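Novice: Mind having a look at this structure? Questions to follow.
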Amino acid sequence: MRSIDWWTILIYIALLSFGWISVCGASYSYGETDIFSLATRSGMQIIWIGTSILLGFIILMLDDRFYDTFAYFIYALLLLLLFATIFNPHSIKGSRSWLVLGPLRLQPAEFAKFATSLALAKLMSTYGYNINQWKHFAAAILIILFPMLFIVLQRETGSALVYLSFFLMFYREGMPGSILFTGVAMVIYFVVGIRFADVYIADSPTSLGKFSVMLLIQLFSIGMVWVYCKKRLGLRLLLGCLGITVLMLPLLKLSVNIVYVQLVLTGLLIGYLLWEGLGSRVRAYFFIALFALGSMAFFYGADFIMQNVMEPHQRSRINVLLGLDEDLRGAGYNVHQSEIAIGSGGLEGKGFLNGTQTKLKFVPEQDTDFIFCTVGEEEGFVGSASVLLLFLALILRLIHISERQPFRFGRVYGYCVLSIFLFHVFINVGMVLGLTPVIGIPLPFFSYGGSSLWGFTFLLFIFLRIDASRNLIRS
C-alpha cells in the first residue's frame, strides 16, 4: 500500500468530485428538491462513483501479475463482447453499441480500451519485439484494428477514433517520427483542401484548396529529403519547385487550371526521388516518394469519400467545423449553444445550479458529451481552468509514473493510458469549444454514465496496481 501513487488517487477523487458537481448542475431542473434521489441523474451518478471506487479498490488488491498473465484472454473476451454487440437488437440514438441487461446498460467499447492496452503491453514486452520491424509493428496495428472495426460496425465512429491515440505510445516506444508526421500531414491536407476547395484564385478555374495541397505535398516531401537525405539536394528541389510555381502564376490570367500543372510537377518530383533511390540505393528516397504518392491518393480519396460516401449529417458536421456552413439549427446547433453557455459564465461563473442555458436545456447532451459547457457556465473561466489544470496534473503524473517503470510491460501500458486520457480530454474540450469535430466521446470522470466511468477507472487503477509492484523482488 505504501507503493501506491496516492497523488494520482487524490487527483482521481478530485476529478470525480468536480464531475459529480457538473452532472448535478447539468441535469438539475428548476423545482427539484432532492439532488441525491436515485430518480435523478445526479443521484445515480453517486452510485456509479461509489461502484467505481469499489472497483478501483478490488483492482489494487489483485496480484499485478494477473494483468500480464491474462492480457490476451481479457482482450479476446472483450473482442467477443464487441462482436456480439453488433447484432444487438437494441438501438440507442442510432447506435448498437450498448448491451441491455434488464435495467443495466453497458457499453463494451469503453472496456475494450483497457483490454487493448493490456494486449499491446503484453505483445510489445515479449522478448525480441522490435517496433521498427514491419512484422512486429503490423502485429500491434492488428490488435488495434480489430476493436476499431467492431466499434465502427456498431455505428460508433467517435469511439473507434480513440484507438488512433495509441500511435502516441508507438512513438514513445521507437516508432519513426515520420509516421506520426504523415498522420499530421493528412489532417492538414484534409482541412486545407476541403476548406478552400470552392475558393478560386483570381477568377480562374484553379481551386485554392487543391493548389495549396499539391504545393504542401511538394514542400513536405522536399523537407523530408532535407532531413533524411541530402540538404543540398533538398535546397535545389525547393528552389526548383518554388521557381516553377512562380513562373506558372501568370497562367492564371489565361484562365488555365494550374492544378494540373502542379499534379505533373508532383509526379516529376516522385519520379526523380525514385531515380535517386535506384541510383544511390538509399531507401529513404523510396519512402519519401511513397509518402508523396500516398498523400495525393489520400487527398483525392478523402474528397471522393466526403462527397459520395459520407452521410449528409456527417458532411454537415465537417462543413460546420471548417466554417463552410453555420447551420445553427442543425449540425452546428450543439456547438453554438455550448459556446453561448461557456461565454455567459464569464470569469467566475453564475454559481452552482444557476446556469440558465443548462437549466433550460438549450444544450443537447449537456450532462454527457457536452458537460464541459456546464463547467464553463456555472464555474466560469476560473472553474474551467481549474478542471483543465487537474487533467494536466493527471497527464504529467502518468508520464512520471510511466517513465519509472522497471519493465516494458508497465511502461507501454502506462503510455496507452496516458494517450487515451489525452485524446479524450483534447477532443472533448475542443468539441465543446468548436475547435474539433463533434464525434461524441465522453470527458473522463465528468460525463454521466457508468460504462465510461468504470472504463476509465479500470484503465487508471490497473496501471496504479502495476506501478505499486515496481520495487518488488521476484523469486
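In the C-alpha cells, chains take the letters A, B, ... in the order shown, each chain's residues start at 1, and ligands count up from 1 in the order shown.
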Pick out the residues sitting within 12 Å of Asn88 of chain A, and hand them over as a list in words; count only C-alpha atoms, and ignore anything fewer than 5 positions along from it in its own chain.

Specialist: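 Contacts, with the query itself left out: Leu81, Leu82, Phe83, Gly94, Ser95, Arg96, Ser97, Trp98, Leu99, Val100, Leu101, Arg105, Leu106, Gln107, Pro108, Leu153, Gln154 and Arg155 of chain A.
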
Novice: With all heavy atoms retained, could you export that selection as a compact mmCIF listing (two decimals), in the first residue's frame?

Specialist:
# COMPACT_ATOMS: atom_id res chain seq x y z
N LEU A 81 -17.30 -9.71 -26.86
CA LEU A 81 -18.42 -8.84 -26.47
C LEU A 81 -18.70 -7.78 -27.52
O LEU A 81 -19.86 -7.48 -27.83
CB LEU A 81 -18.10 -8.18 -25.13
CG LEU A 81 -18.35 -9.00 -23.86
CD1 LEU A 81 -17.92 -8.21 -22.64
CD2 LEU A 81 -19.82 -9.38 -23.75
N LEU A 82 -17.64 -7.18 -28.07
CA LEU A 82 -17.82 -6.18 -29.12
C LEU A 82 -18.50 -6.78 -30.34
O LEU A 82 -19.39 -6.16 -30.95
CB LEU A 82 -16.46 -5.59 -29.52
CG LEU A 82 -15.79 -4.63 -28.54
CD1 LEU A 82 -14.41 -4.24 -29.05
CD2 LEU A 82 -16.64 -3.39 -28.33
N PHE A 83 -18.07 -7.98 -30.71
CA PHE A 83 -18.67 -8.65 -31.87
C PHE A 83 -20.14 -8.97 -31.62
O PHE A 83 -20.99 -8.77 -32.50
CB PHE A 83 -17.89 -9.92 -32.20
CG PHE A 83 -18.40 -10.65 -33.41
CD1 PHE A 83 -18.16 -10.14 -34.68
CD2 PHE A 83 -19.11 -11.83 -33.28
CE1 PHE A 83 -18.63 -10.81 -35.81
CE2 PHE A 83 -19.59 -12.50 -34.40
CZ PHE A 83 -19.34 -11.99 -35.67
N GLY A 94 -29.46 5.62 -32.62
CA GLY A 94 -28.89 5.15 -33.87
C GLY A 94 -27.66 4.29 -33.73
O GLY A 94 -27.07 3.87 -34.72
N SER A 95 -27.23 4.03 -32.48
CA SER A 95 -26.03 3.23 -32.24
C SER A 95 -26.40 1.88 -31.63
O SER A 95 -27.30 1.79 -30.79
CB SER A 95 -25.08 3.98 -31.31
OG SER A 95 -24.02 3.15 -30.89
N ARG A 96 -25.68 0.84 -32.03
CA ARG A 96 -25.89 -0.50 -31.47
C ARG A 96 -24.72 -0.90 -30.58
O ARG A 96 -24.25 -2.03 -30.60
CB ARG A 96 -26.07 -1.53 -32.60
CG ARG A 96 -27.32 -1.31 -33.44
CD ARG A 96 -27.50 -2.40 -34.47
NE ARG A 96 -28.71 -2.20 -35.25
CZ ARG A 96 -29.92 -2.64 -34.91
NH1 ARG A 96 -30.05 -3.31 -33.77
NH2 ARG A 96 -30.96 -2.43 -35.66
N SER A 97 -24.23 0.06 -29.81
CA SER A 97 -23.02 -0.17 -29.02
C SER A 97 -23.32 -0.53 -27.57
O SER A 97 -22.40 -0.64 -26.76
CB SER A 97 -22.14 1.09 -29.04
OG SER A 97 -22.83 2.20 -28.49
N TRP A 98 -24.59 -0.73 -27.24
CA TRP A 98 -24.97 -0.99 -25.85
C TRP A 98 -25.52 -2.39 -25.68
O TRP A 98 -26.29 -2.88 -26.50
CB TRP A 98 -26.03 0.02 -25.39
CG TRP A 98 -25.56 1.43 -25.39
CD1 TRP A 98 -25.55 2.29 -26.45
CD2 TRP A 98 -25.01 2.15 -24.28
NE1 TRP A 98 -25.03 3.50 -26.09
CE2 TRP A 98 -24.70 3.45 -24.75
CE3 TRP A 98 -24.76 1.84 -22.95
CZ2 TRP A 98 -24.15 4.42 -23.93
CZ3 TRP A 98 -24.22 2.81 -22.13
CH2 TRP A 98 -23.91 4.09 -22.62
N LEU A 99 -25.11 -3.02 -24.58
CA LEU A 99 -25.71 -4.29 -24.15
C LEU A 99 -26.71 -3.98 -23.05
O LEU A 99 -26.34 -3.41 -22.01
CB LEU A 99 -24.64 -5.26 -23.63
CG LEU A 99 -23.72 -5.90 -24.68
CD1 LEU A 99 -22.67 -6.77 -23.99
CD2 LEU A 99 -24.51 -6.74 -25.67
N VAL A 100 -27.96 -4.33 -23.27
CA VAL A 100 -29.02 -4.04 -22.31
C VAL A 100 -29.31 -5.30 -21.51
O VAL A 100 -29.77 -6.31 -22.05
CB VAL A 100 -30.30 -3.55 -23.02
CG1 VAL A 100 -31.40 -3.24 -21.99
CG2 VAL A 100 -30.00 -2.32 -23.87
N LEU A 101 -29.00 -5.24 -20.21
CA LEU A 101 -29.22 -6.37 -19.31
C LEU A 101 -30.21 -5.94 -18.23
O LEU A 101 -29.84 -5.51 -17.13
CB LEU A 101 -27.89 -6.81 -18.67
CG LEU A 101 -26.74 -7.11 -19.64
CD1 LEU A 101 -25.44 -7.32 -18.89
CD2 LEU A 101 -27.07 -8.32 -20.50
N ARG A 105 -27.40 -0.97 -18.50
CA ARG A 105 -26.90 -0.83 -19.88
C ARG A 105 -25.39 -0.63 -19.83
O ARG A 105 -24.90 0.25 -19.14
CB ARG A 105 -27.56 0.36 -20.58
CG ARG A 105 -29.06 0.24 -20.76
CD ARG A 105 -29.61 1.34 -21.64
NE ARG A 105 -29.26 2.67 -21.13
CZ ARG A 105 -29.66 3.81 -21.70
NH1 ARG A 105 -30.40 3.76 -22.80
NH2 ARG A 105 -29.31 4.97 -21.19
N LEU A 106 -24.69 -1.47 -20.57
CA LEU A 106 -23.23 -1.41 -20.61
C LEU A 106 -22.75 -1.20 -22.04
O LEU A 106 -23.34 -1.72 -22.98
CB LEU A 106 -22.61 -2.69 -20.03
CG LEU A 106 -22.80 -2.94 -18.54
CD1 LEU A 106 -22.22 -4.29 -18.17
CD2 LEU A 106 -22.15 -1.83 -17.71
N GLN A 107 -21.67 -0.45 -22.17
CA GLN A 107 -21.07 -0.19 -23.49
C GLN A 107 -19.69 -0.85 -23.53
O GLN A 107 -18.72 -0.31 -23.01
CB GLN A 107 -20.95 1.32 -23.72
CG GLN A 107 -20.63 1.69 -25.16
CD GLN A 107 -20.67 3.18 -25.38
OE1 GLN A 107 -20.58 3.96 -24.44
NE2 GLN A 107 -20.80 3.60 -26.63
N PRO A 108 -19.59 -2.04 -24.16
CA PRO A 108 -18.32 -2.77 -24.19
C PRO A 108 -17.16 -1.97 -24.77
O PRO A 108 -16.00 -2.21 -24.41
CB PRO A 108 -18.63 -4.00 -25.05
CG PRO A 108 -20.11 -4.19 -24.92
CD PRO A 108 -20.67 -2.80 -24.81
N LEU A 153 -18.67 -0.94 -36.83
CA LEU A 153 -19.86 -1.70 -37.23
C LEU A 153 -21.02 -1.48 -36.25
O LEU A 153 -22.18 -1.72 -36.60
CB LEU A 153 -19.52 -3.20 -37.31
CG LEU A 153 -18.57 -3.60 -38.45
CD1 LEU A 153 -18.23 -5.08 -38.39
CD2 LEU A 153 -19.19 -3.27 -39.81
N GLN A 154 -20.72 -1.02 -35.04
CA GLN A 154 -21.77 -0.67 -34.08
C GLN A 154 -22.27 0.76 -34.30
O GLN A 154 -23.10 1.24 -33.54
CB GLN A 154 -21.23 -0.78 -32.65
CG GLN A 154 -20.83 -2.18 -32.23
CD GLN A 154 -20.08 -2.18 -30.91
OE1 GLN A 154 -19.98 -1.17 -30.22
NE2 GLN A 154 -19.54 -3.33 -30.54
N ARG A 155 -21.74 1.43 -35.33
CA ARG A 155 -22.09 2.82 -35.65
C ARG A 155 -21.63 3.77 -34.56
O ARG A 155 -22.33 4.72 -34.19
CB ARG A 155 -23.60 2.97 -35.88
CG ARG A 155 -24.13 2.11 -37.01
CD ARG A 155 -25.62 2.23 -37.14
NE ARG A 155 -26.14 1.33 -38.18
CZ ARG A 155 -27.44 1.16 -38.43
NH1 ARG A 155 -28.33 1.84 -37.74
NH2 ARG A 155 -27.83 0.33 -39.37

Novice: Sorted by chain and rising residue number, list the residues of segment 357-412 of chain A at most 10 Å from segment 12-24 of chain A (counting only C-alpha atoms), each with its closest atom pair and distance in Å to one decimal, as JSON lines.

Specialist:
{"residue": "A:Gln366", "atom": "CA", "partner": "A:Val23", "partner_atom": "CA", "distance": 8.6}
{"residue": "A:Asp367", "atom": "CA", "partner": "A:Val23", "partner_atom": "CA", "distance": 5.5}
{"residue": "A:Thr368", "atom": "CA", "partner": "A:Val23", "partner_atom": "CA", "distance": 8.1}
{"residue": "A:Ile371", "atom": "CA", "partner": "A:Ser22", "partner_atom": "CA", "distance": 6.9}
{"residue": "A:Phe372", "atom": "CA", "partner": "A:Ser22", "partner_atom": "CA", "distance": 7.9}
{"residue": "A:Cys373", "atom": "CA", "partner": "A:Ser22", "partner_atom": "CA", "distance": 9.3}
{"residue": "A:Thr374", "atom": "CA", "partner": "A:Ser22", "partner_atom": "CA", "distance": 6.2}
{"residue": "A:Val375", "atom": "CA", "partner": "A:Ser22", "partner_atom": "CA", "distance": 6.1}
{"residue": "A:Gly376", "atom": "CA", "partner": "A:Ser22", "partner_atom": "CA", "distance": 9.8}
{"residue": "A:Glu378", "atom": "CA", "partner": "A:Ser22", "partner_atom": "CA", "distance": 8.6}
{"residue": "A:Glu379", "atom": "CA", "partner": "A:Ser22", "partner_atom": "CA", "distance": 9.4}
{"residue": "A:Gly383", "atom": "CA", "partner": "A:Phe18", "partner_atom": "CA", "distance": 9.5}
{"residue": "A:Ser386", "atom": "CA", "partner": "A:Phe18", "partner_atom": "CA", "distance": 9.9}
{"residue": "A:Val387", "atom": "CA", "partner": "A:Leu15", "partner_atom": "CA", "distance": 7.6}
{"residue": "A:Leu390", "atom": "CA", "partner": "A:Leu15", "partner_atom": "CA", "distance": 7.2}
{"residue": "A:Phe391", "atom": "CA", "partner": "A:Leu15", "partner_atom": "CA", "distance": 8.1}
{"residue": "A:Leu394", "atom": "CA", "partner": "A:Tyr12", "partner_atom": "CA", "distance": 8.0}

Novice: Keeping all heavy atoms for every residue in the selection just given, could you write it to a file as a CSV table (one decimal), in the first residue's frame?

Specialist:
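Once everything was written out, this is part22.csv:
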chain,number,residue,atom,x,y,z
A,366,GLN,N,-26.0,17.7,-22.6
A,366,GLN,CA,-25.2,18.6,-21.7
A,366,GLN,C,-24.7,17.9,-20.5
A,366,GLN,O,-23.8,18.5,-19.8
A,366,GLN,CB,-26.0,19.8,-21.3
A,366,GLN,CG,-27.2,19.5,-20.5
A,366,GLN,CD,-28.1,20.8,-20.3
A,366,GLN,OE1,-28.0,21.7,-21.0
A,366,GLN,NE2,-29.0,20.7,-19.3
A,367,ASP,N,-25.2,16.7,-20.1
A,367,ASP,CA,-24.6,16.0,-19.0
A,367,ASP,C,-23.7,14.8,-19.4
A,367,ASP,O,-23.2,14.1,-18.6
A,367,ASP,CB,-25.7,15.5,-18.0
A,367,ASP,CG,-26.7,14.7,-18.7
A,367,ASP,OD1,-26.6,14.5,-20.0
A,367,ASP,OD2,-27.7,14.2,-18.0
A,368,THR,N,-23.5,14.7,-20.7
A,368,THR,CA,-22.6,13.6,-21.2
A,368,THR,C,-21.5,14.2,-22.1
A,368,THR,O,-20.5,14.6,-21.5
A,368,THR,CB,-23.5,12.6,-22.0
A,368,THR,OG1,-24.2,13.2,-23.0
A,368,THR,CG2,-24.4,11.8,-21.1
A,371,ILE,N,-20.7,18.1,-21.4
A,371,ILE,CA,-20.8,18.5,-19.9
A,371,ILE,C,-19.8,19.6,-19.6
A,371,ILE,O,-20.0,20.4,-18.6
A,371,ILE,CB,-20.5,17.3,-19.0
A,371,ILE,CG1,-20.9,17.6,-17.6
A,371,ILE,CG2,-19.0,16.9,-19.1
A,371,ILE,CD1,-21.0,16.4,-16.7
A,372,PHE,N,-18.7,19.8,-20.4
A,372,PHE,CA,-17.8,20.9,-20.1
A,372,PHE,C,-18.4,22.3,-20.2
A,372,PHE,O,-17.9,23.2,-19.5
A,372,PHE,CB,-16.5,20.8,-21.0
A,372,PHE,CG,-15.4,21.7,-20.6
A,372,PHE,CD1,-14.6,21.4,-19.4
A,372,PHE,CD2,-15.1,22.8,-21.3
A,372,PHE,CE1,-13.6,22.2,-19.0
A,372,PHE,CE2,-14.0,23.6,-20.9
A,372,PHE,CZ,-13.3,23.3,-19.7
A,373,CYS,N,-19.5,22.4,-21.0
A,373,CYS,CA,-20.1,23.7,-21.1
A,373,CYS,C,-20.8,24.1,-19.8
A,373,CYS,O,-21.0,25.2,-19.4
A,373,CYS,CB,-21.1,23.7,-22.2
A,373,CYS,SG,-22.7,22.8,-21.9
A,374,THR,N,-21.2,23.1,-19.0
A,374,THR,CA,-21.8,23.3,-17.7
A,374,THR,C,-20.8,23.9,-16.7
A,374,THR,O,-21.0,24.8,-15.9
A,374,THR,CB,-22.4,22.0,-17.1
A,374,THR,OG1,-23.4,21.5,-18.0
A,374,THR,CG2,-23.1,22.3,-15.7
A,375,VAL,N,-19.5,23.3,-16.8
A,375,VAL,CA,-18.4,23.8,-16.0
A,375,VAL,C,-18.2,25.3,-16.4
A,375,VAL,O,-18.0,26.1,-15.5
A,375,VAL,CB,-17.2,23.0,-16.2
A,375,VAL,CG1,-16.0,23.6,-15.4
A,375,VAL,CG2,-17.4,21.5,-15.9
A,376,GLY,N,-18.2,25.6,-17.7
A,376,GLY,CA,-17.9,27.0,-18.1
A,376,GLY,C,-19.0,28.0,-17.6
A,376,GLY,O,-18.7,29.1,-17.3
A,378,GLU,N,-21.3,27.6,-15.1
A,378,GLU,CA,-21.6,27.7,-13.6
A,378,GLU,C,-20.3,28.1,-12.9
A,378,GLU,O,-20.4,28.8,-11.9
A,378,GLU,CB,-22.1,26.4,-13.1
A,378,GLU,CG,-23.5,26.0,-13.6
A,378,GLU,CD,-24.1,24.9,-12.8
A,378,GLU,OE1,-23.4,24.3,-12.0
A,378,GLU,OE2,-25.3,24.7,-13.0
A,379,GLU,N,-19.1,27.7,-13.3
A,379,GLU,CA,-17.9,28.0,-12.6
A,379,GLU,C,-17.0,29.0,-13.3
A,379,GLU,O,-16.0,29.4,-12.8
A,379,GLU,CB,-17.1,26.7,-12.4
A,379,GLU,CG,-17.9,25.5,-11.8
A,379,GLU,CD,-18.5,25.8,-10.5
A,379,GLU,OE1,-17.9,26.6,-9.8
A,379,GLU,OE2,-19.6,25.3,-10.2
A,383,GLY,N,-13.2,28.2,-12.9
A,383,GLY,CA,-13.5,26.7,-12.7
A,383,GLY,C,-13.0,25.9,-13.9
A,383,GLY,O,-12.5,24.8,-13.7
A,386,SER,N,-9.4,25.5,-13.7
A,386,SER,CA,-9.0,24.6,-12.6
A,386,SER,C,-9.2,23.1,-13.1
A,386,SER,O,-8.4,22.2,-12.8
A,386,SER,CB,-9.9,24.8,-11.4
A,386,SER,OG,-9.7,26.2,-10.9
A,387,VAL,N,-10.3,22.8,-13.8
A,387,VAL,CA,-10.5,21.5,-14.3
A,387,VAL,C,-9.4,21.1,-15.2
A,387,VAL,O,-8.9,19.9,-15.2
A,387,VAL,CB,-11.9,21.4,-14.9
A,387,VAL,CG1,-12.1,20.0,-15.7
A,387,VAL,CG2,-13.0,21.5,-13.9
A,390,LEU,N,-6.3,20.3,-13.5
A,390,LEU,CA,-6.4,18.9,-12.8
A,390,LEU,C,-6.0,17.8,-13.8
A,390,LEU,O,-5.3,16.9,-13.5
A,390,LEU,CB,-7.8,18.7,-12.2
A,390,LEU,CG,-8.0,19.1,-10.8
A,390,LEU,CD1,-9.4,18.8,-10.4
A,390,LEU,CD2,-7.0,18.3,-9.9
A,391,PHE,N,-6.6,18.0,-15.0
A,391,PHE,CA,-6.3,17.0,-16.1
A,391,PHE,C,-4.8,17.1,-16.5
A,391,PHE,O,-4.2,16.0,-16.7
A,391,PHE,CB,-7.2,17.2,-17.3
A,391,PHE,CG,-8.5,16.6,-17.2
A,391,PHE,CD1,-9.7,17.4,-17.2
A,391,PHE,CD2,-8.7,15.2,-17.1
A,391,PHE,CE1,-10.9,16.8,-17.1
A,391,PHE,CE2,-10.0,14.6,-17.0
A,391,PHE,CZ,-11.1,15.4,-17.0
A,394,LEU,N,-2.9,15.2,-14.0
A,394,LEU,CA,-3.1,13.8,-14.2
A,394,LEU,C,-2.1,13.3,-15.3
A,394,LEU,O,-1.5,12.3,-15.2
A,394,LEU,CB,-4.5,13.4,-14.5
A,394,LEU,CG,-4.8,12.0,-14.8
A,394,LEU,CD1,-4.5,11.1,-13.6
A,394,LEU,CD2,-6.3,11.8,-15.2

Novice: Report as an NGL selection string all protein, DNA and RNA residues lying within 10 Å of segment 400-406 of chain A, evaluated on only C-alpha atoms, omitting residues in the same chain fewer than 2 positions from it.

Specialist: :A and (5 or 8 or 394-398 or 408-418 or 463-464 or 466-471)

Novice: Can you tell me, as number ranges by chain, what residues are no more than 12 Å from Leu268 of chain A when counting only C-alpha atoms, ignoring any on the same chain fewer than 2 positions away?

Specialist: A: 218, 237, 240-241, 261-266, 270-275, 289, 292-293

Novice: Would you please extract all alpha helix (DSSP H) residues from segment 183-426 of chain A, as assigned by DSSP on the backbone, and give them as a VMD selection string?

Specialist: chain A and resid 183 to 195 208 to 228 231 to 248 258 to 280 283 to 308 312 to 321 333 to 345 356 to 359 372 to 403 408 to 426

Novice: Distance atom CA of Phe423 of chain A-atom CA of Phe146 of chain A, one decimal place?

Specialist: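 Between atom CA of Phe423 of chain A and atom CA of Phe146 of chain A the gap is 19.5 Å.
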
Novice: Report the distance between atom CA of Ser117 of chain A and atom CA of Thr457 of chain A in Å, rounded to one decimal place.

Specialist: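 Computed distance, atom CA of Ser117 of chain A to atom CA of Thr457 of chain A, equals 13.7 Å.
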
Novice: Excluding segment 156-159 of chain A and its own-chain neighbours fewer than 2 positions away, which residues fall within 12 Å of it when counting only C-alpha atoms? Please give them as a ChimeraX atom specification.

Specialist: /A:82,85-86,91-98,107-113,147-154,161-165,314,369,420,423-424,427-428,431,436-442,452

Novice: Include N, CA and C atoms and write out the residues we just selected as a compact mmCIF listing (two decimals), in the first residue's frame.

Specialist:
# COMPACT_ATOMS: atom_id res chain seq x y z
N LEU A 82 -17.64 -7.18 -28.07
CA LEU A 82 -17.82 -6.18 -29.12
C LEU A 82 -18.50 -6.78 -30.34
N THR A 85 -22.14 -7.41 -29.68
CA THR A 85 -22.92 -6.17 -29.60
C THR A 85 -23.36 -5.68 -30.98
N ILE A 86 -22.63 -6.06 -32.02
CA ILE A 86 -23.01 -5.65 -33.38
C ILE A 86 -24.41 -6.13 -33.71
N SER A 91 -31.25 -0.47 -30.27
CA SER A 91 -30.58 0.67 -30.88
C SER A 91 -30.87 1.92 -30.05
N ILE A 92 -29.82 2.58 -29.58
CA ILE A 92 -29.95 3.79 -28.77
C ILE A 92 -29.32 4.95 -29.52
N LYS A 93 -30.16 5.90 -29.93
CA LYS A 93 -29.71 7.07 -30.70
C LYS A 93 -28.96 6.66 -31.96
N GLY A 94 -29.46 5.62 -32.62
CA GLY A 94 -28.89 5.15 -33.87
C GLY A 94 -27.66 4.29 -33.73
N SER A 95 -27.23 4.03 -32.48
CA SER A 95 -26.03 3.23 -32.24
C SER A 95 -26.40 1.88 -31.63
N ARG A 96 -25.68 0.84 -32.03
CA ARG A 96 -25.89 -0.50 -31.47
C ARG A 96 -24.72 -0.90 -30.58
N SER A 97 -24.23 0.06 -29.81
CA SER A 97 -23.02 -0.17 -29.02
C SER A 97 -23.32 -0.53 -27.57
N TRP A 98 -24.59 -0.73 -27.24
CA TRP A 98 -24.97 -0.99 -25.85
C TRP A 98 -25.52 -2.39 -25.68
N GLN A 107 -21.67 -0.45 -22.17
CA GLN A 107 -21.07 -0.19 -23.49
C GLN A 107 -19.69 -0.85 -23.53
N PRO A 108 -19.59 -2.04 -24.16
CA PRO A 108 -18.32 -2.77 -24.19
C PRO A 108 -17.16 -1.97 -24.77
N ALA A 109 -17.45 -1.00 -25.65
CA ALA A 109 -16.37 -0.21 -26.25
C ALA A 109 -15.57 0.54 -25.21
N GLU A 110 -16.20 0.92 -24.09
CA GLU A 110 -15.48 1.63 -23.03
C GLU A 110 -14.48 0.72 -22.32
N PHE A 111 -14.82 -0.56 -22.21
CA PHE A 111 -13.94 -1.51 -21.51
C PHE A 111 -12.88 -2.08 -22.45
N ALA A 112 -13.15 -2.02 -23.75
CA ALA A 112 -12.19 -2.55 -24.72
C ALA A 112 -10.90 -1.73 -24.74
N LYS A 113 -10.95 -0.49 -24.24
CA LYS A 113 -9.75 0.35 -24.24
C LYS A 113 -8.67 -0.22 -23.33
N PRO A 147 -10.72 -4.16 -32.59
CA PRO A 147 -11.77 -3.45 -31.87
C PRO A 147 -12.29 -2.24 -32.61
N MET A 148 -11.42 -1.55 -33.37
CA MET A 148 -11.88 -0.40 -34.15
C MET A 148 -12.95 -0.83 -35.16
N LEU A 149 -12.69 -1.94 -35.85
CA LEU A 149 -13.62 -2.44 -36.86
C LEU A 149 -14.97 -2.78 -36.23
N PHE A 150 -14.95 -3.50 -35.12
CA PHE A 150 -16.20 -3.90 -34.48
C PHE A 150 -16.97 -2.68 -33.97
N ILE A 151 -16.26 -1.68 -33.46
CA ILE A 151 -16.93 -0.48 -32.95
C ILE A 151 -17.54 0.33 -34.09
N VAL A 152 -16.85 0.40 -35.22
CA VAL A 152 -17.41 1.09 -36.38
C VAL A 152 -18.68 0.38 -36.86
N LEU A 153 -18.67 -0.94 -36.83
CA LEU A 153 -19.86 -1.70 -37.23
C LEU A 153 -21.02 -1.48 -36.25
N GLN A 154 -20.72 -1.02 -35.04
CA GLN A 154 -21.77 -0.67 -34.08
C GLN A 154 -22.27 0.76 -34.30
N LEU A 161 -12.33 6.15 -33.17
CA LEU A 161 -11.21 7.06 -33.43
C LEU A 161 -10.29 7.19 -32.24
N VAL A 162 -10.80 6.89 -31.04
CA VAL A 162 -9.97 6.97 -29.83
C VAL A 162 -8.74 6.06 -29.95
N TYR A 163 -8.88 4.96 -30.68
CA TYR A 163 -7.79 3.99 -30.77
C TYR A 163 -6.61 4.52 -31.58
N LEU A 164 -6.81 5.62 -32.32
CA LEU A 164 -5.69 6.24 -33.01
C LEU A 164 -4.70 6.85 -32.03
N SER A 165 -5.16 7.10 -30.79
CA SER A 165 -4.26 7.69 -29.79
C SER A 165 -3.10 6.77 -29.45
N GLN A 314 -23.03 13.81 -41.62
CA GLN A 314 -21.59 13.79 -41.36
C GLN A 314 -20.88 14.90 -42.14
N ASP A 369 -21.72 14.24 -23.38
CA ASP A 369 -20.64 14.69 -24.27
C ASP A 369 -20.32 16.17 -24.11
N ILE A 420 -4.85 7.64 -24.16
CA ILE A 420 -6.32 7.61 -24.19
C ILE A 420 -6.88 8.81 -23.44
N PHE A 423 -6.26 12.03 -25.46
CA PHE A 423 -7.14 12.13 -26.63
C PHE A 423 -8.55 12.54 -26.19
N HIS A 424 -9.08 11.90 -25.16
CA HIS A 424 -10.43 12.20 -24.70
C HIS A 424 -10.56 13.66 -24.25
N ILE A 427 -10.02 16.18 -27.40
CA ILE A 427 -11.11 16.17 -28.37
C ILE A 427 -12.42 16.64 -27.73
N ASN A 428 -12.72 16.19 -26.51
CA ASN A 428 -13.99 16.58 -25.89
C ASN A 428 -14.05 18.07 -25.61
N MET A 431 -14.21 19.90 -28.82
CA MET A 431 -15.54 19.73 -29.42
C MET A 431 -16.53 20.73 -28.83
N THR A 436 -12.74 21.16 -32.53
CA THR A 436 -12.56 19.81 -33.08
C THR A 436 -13.92 19.25 -33.49
N PRO A 437 -13.94 18.21 -34.31
CA PRO A 437 -15.23 17.66 -34.77
C PRO A 437 -16.05 17.10 -33.61
N VAL A 438 -17.38 17.15 -33.77
CA VAL A 438 -18.29 16.56 -32.78
C VAL A 438 -18.37 15.07 -33.07
N ILE A 439 -17.62 14.27 -32.29
CA ILE A 439 -17.58 12.83 -32.55
C ILE A 439 -18.18 12.03 -31.39
N GLY A 440 -18.66 12.70 -30.36
CA GLY A 440 -19.41 12.03 -29.32
C GLY A 440 -18.60 11.11 -28.42
N ILE A 441 -17.56 11.65 -27.78
CA ILE A 441 -16.80 10.87 -26.80
C ILE A 441 -16.88 11.59 -25.46
N PRO A 442 -16.89 10.85 -24.33
CA PRO A 442 -17.09 11.47 -23.03
C PRO A 442 -15.84 12.16 -22.49
N SER A 452 -18.57 4.56 -19.03
CA SER A 452 -17.37 5.38 -19.23
C SER A 452 -16.60 5.53 -17.91

Novice: Distance atom CA of Ser255 of chain A-atom CA of Ala202 of chain A, one decimal place?

Specialist: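 We find that atom CA of Ser255 of chain A and atom CA of Ala202 of chain A lie 8.8 Å from each other.
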
Novice: Which neighbours of segment 68-75 of chain A fall inside 9 Å, counting only C-alpha atoms, when residues of the same chain fewer than 2 positions from it are skipped, and could you give them as a PyMOL selection string?

Specialist: chain A and resi 64-66+77-80+112+114-123+143+409

Novice: Out of segment 73-118 of chain A, which residues get strand (DSSP E) from DSSP, as a PyMOL selection string?

Specialist: chain A and resi 99-101+104-106

Novice: Quick one: residues within 12 Å of segment 131-139 of chain A, only C-alpha atoms, excluding same-chain residues fewer than 5 positions away - as a count of residues only?

Specialist: 21
